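Each remark here refers to the structure printed beneath this line.
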Amino acid sequence: WACFKLGVFVCLNCSGIHRNLSSRVKSIRLDFWEDELVEFMKSAGNAKARALYEKAIPPFYYRPQENDCNVLREQWIRAKYQRMEFSGETKYPPLSYTTGFYEGILWKKGKNNMQFQKRKFILSEREFTLTYYNKQDESKGPKAVISIKDLNATFQPQKIGHPHGLQISYQGDDHIRNLYVYHEGSEEIVSWYNAIRAARYAYLKTAYPTGSNEELVPKITRNYLKEGYMEKTGPLQKEAFKKRWFILDSENRKLLYLRDKLDAEELGVLFIGTESNGYSIKACAPKHARGN
Ligand SMILES: [Zn+2]
């Protein structure tokens, strides 16, 4: 597929997004191509577009992959081509996710129920914290002040049941604590995500001053490698099988299981192998493996 106003070639998935943004899209094979358009596409092309539209992408900014959710891919295309956020020109006012401070209201799922309530969140890169308040009344103080140190954020539209659903996880006292949030605005939720990534990146730069971007960027946030229901029995293996939600997390080779998929905390965790014996968990399929 080709966006013949921008002069770039895109995949089928992205062509749909470009069409919605009314950048004109043609099929390379099925549509009629005037000679002038062919000449224009020859003179333009993806490399030239990258030089212009991807001149200055902040290292922490998430580049969506093919399998990423729609909100990430759509906002990437809007940020790149429509808002020209990566063109390298100084923006005034500065882009919200680059300022080191982000404040706003997110819908947050209750810890023990399925209701989403509006909660105020404040992200501070200076303090390396994400804070949220339980009531609109802030005088009672924050409900939680979360350290950026071991915080993760990952889009989970299917699991949360909202196209902008974001899972924020962090190390609690003896459990991982999961927050499930969304914002109605697609630009807003992706800005939150990249603001969190910016703060994580700043933290990693402080914690590992000699780390290169190649080493640090993959540590900013991570998507879980696999999730879903399985049934498990107990330690005696005489217990009845119970349905649990399992999450495979590459960080520390963890297999977590939860009573249900939107629980605040896990019931248990298994560590797969040991790092000293060379175990790691990666997103790849062995040769001849069947798809999952
Ligand atoms: Zn694409």
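All residue names refer to the structure tokens as shown: chains lettered A, B, ... in order, residues numbered from 1 in each chain, ligands numbered from 1 in order.
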**Message:** What's around Tyr182 in chain A at 12 Å? Count only C-alpha atoms, leave out sequence neighbours fewer than 6 positions away in its own chain, and write the answer as a ChimeraX atom specification.
**Reply:** /A:71,104-109,116-119,121,153-157,160-168,188-193
How close does chain A get to ligand 1? List, as JSON lines, each residue of chain A within 7 Å, its nearest atom pair and the distance in Å to one decimal, counting only C-alpha atoms and all ligand atoms.
```
{"residue": "A:Val10", "atom": "CA", "partner": "ligand 1", "partner_atom_place_in_ligand_line": "1 (Zn)", "distance": 5.5}
{"residue": "A:Cys11", "atom": "CA", "partner": "ligand 1", "partner_atom_place_in_ligand_line": "1 (Zn)", "distance": 4.3}
{"residue": "A:Leu12", "atom": "CA", "partner": "ligand 1", "partner_atom_place_in_ligand_line": "1 (Zn)", "distance": 6.6}
{"residue": "A:Asn13", "atom": "CA", "partner": "ligand 1", "partner_atom_place_in_ligand_line": "1 (Zn)", "distance": 5.4}
{"residue": "A:Cys14", "atom": "CA", "partner": "ligand 1", "partner_atom_place_in_ligand_line": "1 (Zn)", "distance": 4.3}
{"residue": "A:Glu66", "atom": "CA", "partner": "ligand 1", "partner_atom_place_in_ligand_line": "1 (Zn)", "distance": 6.3}
```
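For range 71-158 of chain A, the set of residues given helix (DSSP H, G or I) by DSSP on the backbone reads Val71, Leu72, Arg73, Glu74, Gln75, Trp76, Ile77, Arg78, Ala79, Lys80, Tyr81, Gln82, Ser96, Tyr97, Thr98, Glu138, Ser139, Lys140, Pro157 and Gln158 of chain A.
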For the residues in that selection, give me C-alpha atoms as a PDB file, in the first residue's frame.
```
ATOM      1  CA  VAL A  71      -4.098   2.886  19.932  1.00  0.00           C
ATOM      2  CA  LEU A  72      -0.282   2.678  19.946  1.00  0.00           C
ATOM      3  CA  ARG A  73      -0.012   2.284  16.179  1.00  0.00           C
ATOM      4  CA  GLU A  74      -2.559   4.984  15.418  1.00  0.00           C
ATOM      5  CA  GLN A  75      -0.979   7.496  17.793  1.00  0.00           C
ATOM      6  CA  TRP A  76       2.471   6.728  16.400  1.00  0.00           C
ATOM      7  CA  ILE A  77       1.264   7.603  12.905  1.00  0.00           C
ATOM      8  CA  ARG A  78      -0.509  10.737  14.149  1.00  0.00           C
ATOM      9  CA  ALA A  79       2.498  11.863  16.208  1.00  0.00           C
ATOM     10  CA  LYS A  80       4.873  11.243  13.328  1.00  0.00           C
ATOM     11  CA  TYR A  81       2.972  12.565  10.303  1.00  0.00           C
ATOM     12  CA  GLN A  82       0.090  14.691  11.573  1.00  0.00           C
ATOM     13  CA  SER A  96       3.602  17.017  27.392  1.00  0.00           C
ATOM     14  CA  TYR A  97       5.478  13.731  27.779  1.00  0.00           C
ATOM     15  CA  THR A  98       8.900  15.402  27.590  1.00  0.00           C
ATOM     16  CA  GLU A 138      -6.518  15.804  47.883  1.00  0.00           C
ATOM     17  CA  SER A 139      -6.304  17.107  51.439  1.00  0.00           C
ATOM     18  CA  LYS A 140      -6.435  13.510  52.696  1.00  0.00           C
ATOM     19  CA  PRO A 157      -6.949  -3.453  25.784  1.00  0.00           C
ATOM     20  CA  GLN A 158      -8.394  -6.961  25.557  1.00  0.00           C
TER      21      GLN A 158
END
```
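Our summary of the geometry notes that CA of Ile146 in chain A is positioned 10.2 Å from CA of Glu127 in chain A.
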**Request:** If you run DSSP over the backbone, which residues in range 20-125 of chain A end up strand (DSSP E)? Put them as number ranges by chain.
**Result:** A: 25-26, 101-109, 116-124
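Near Ala56 in chain A, within 9 Å and counting only C-alpha atoms, sit Glu85, Phe86, Ser87, Gly88 and Glu89 of chain A, not including residues fewer than 4 positions from it in the same chain.
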Mind running range 139-208 of chain A against range 57-61 of chain A at 10 Å and telling me each contacting residue's nearest atom pair with the distance in Å (one decimal), counting only C-alpha atoms, chain and number ascending, as a Markdown table?
```
| residue | atom | partner | partner_atom | distance |
| --- | --- | --- | --- | --- |
| A:Val190 | CA | A:Tyr61 | CA | 10.0 |
| A:Ser191 | CA | A:Tyr61 | CA | 9.6 |
| A:Tyr193 | CA | A:Tyr61 | CA | 9.0 |
| A:Asn194 | CA | A:Tyr61 | CA | 5.8 |
| A:Ala195 | CA | A:Tyr61 | CA | 8.6 |
| A:Ile196 | CA | A:Phe60 | CA | 9.3 |
| A:Arg197 | CA | A:Phe60 | CA | 5.8 |
| A:Ala198 | CA | A:Phe60 | CA | 5.5 |
| A:Ala199 | CA | A:Phe60 | CA | 8.8 |
| A:Arg200 | CA | A:Phe60 | CA | 8.4 |
| A:Tyr201 | CA | A:Phe60 | CA | 6.1 |
| A:Ala202 | CA | A:Phe60 | CA | 9.0 |
```
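CA of Phe4 in chain A sits 10.0 Å away from CA of Ser27 in chain A.
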**Request:** For Asn252 in chain A, list every protein, DNA or RNA residue within 12 Å, evaluated using only C-alpha atoms, and leave out those in the same chain fewer than 2 positions away; present the list as an MDAnalysis selection string.
**Result:** chainID A and resid 150 248:250 254:256 269:276 278:282
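Using only C-alpha atoms, the nearest neighbour of Lys205 in chain A within the list A:Asp68, A:Asp263, A:Glu34, A:Glu125 is A:Glu125.
Taking CA of Pro64 in chain A as the reference point, CA of Pro218 in chain A is found at 13.1 Å.
Distances to Gly228 in chain A were evaluated for A:Ala2, A:Ala240, A:Val145, A:Leu262 using only C-alpha atoms, and the minimum falls at A:Leu262.
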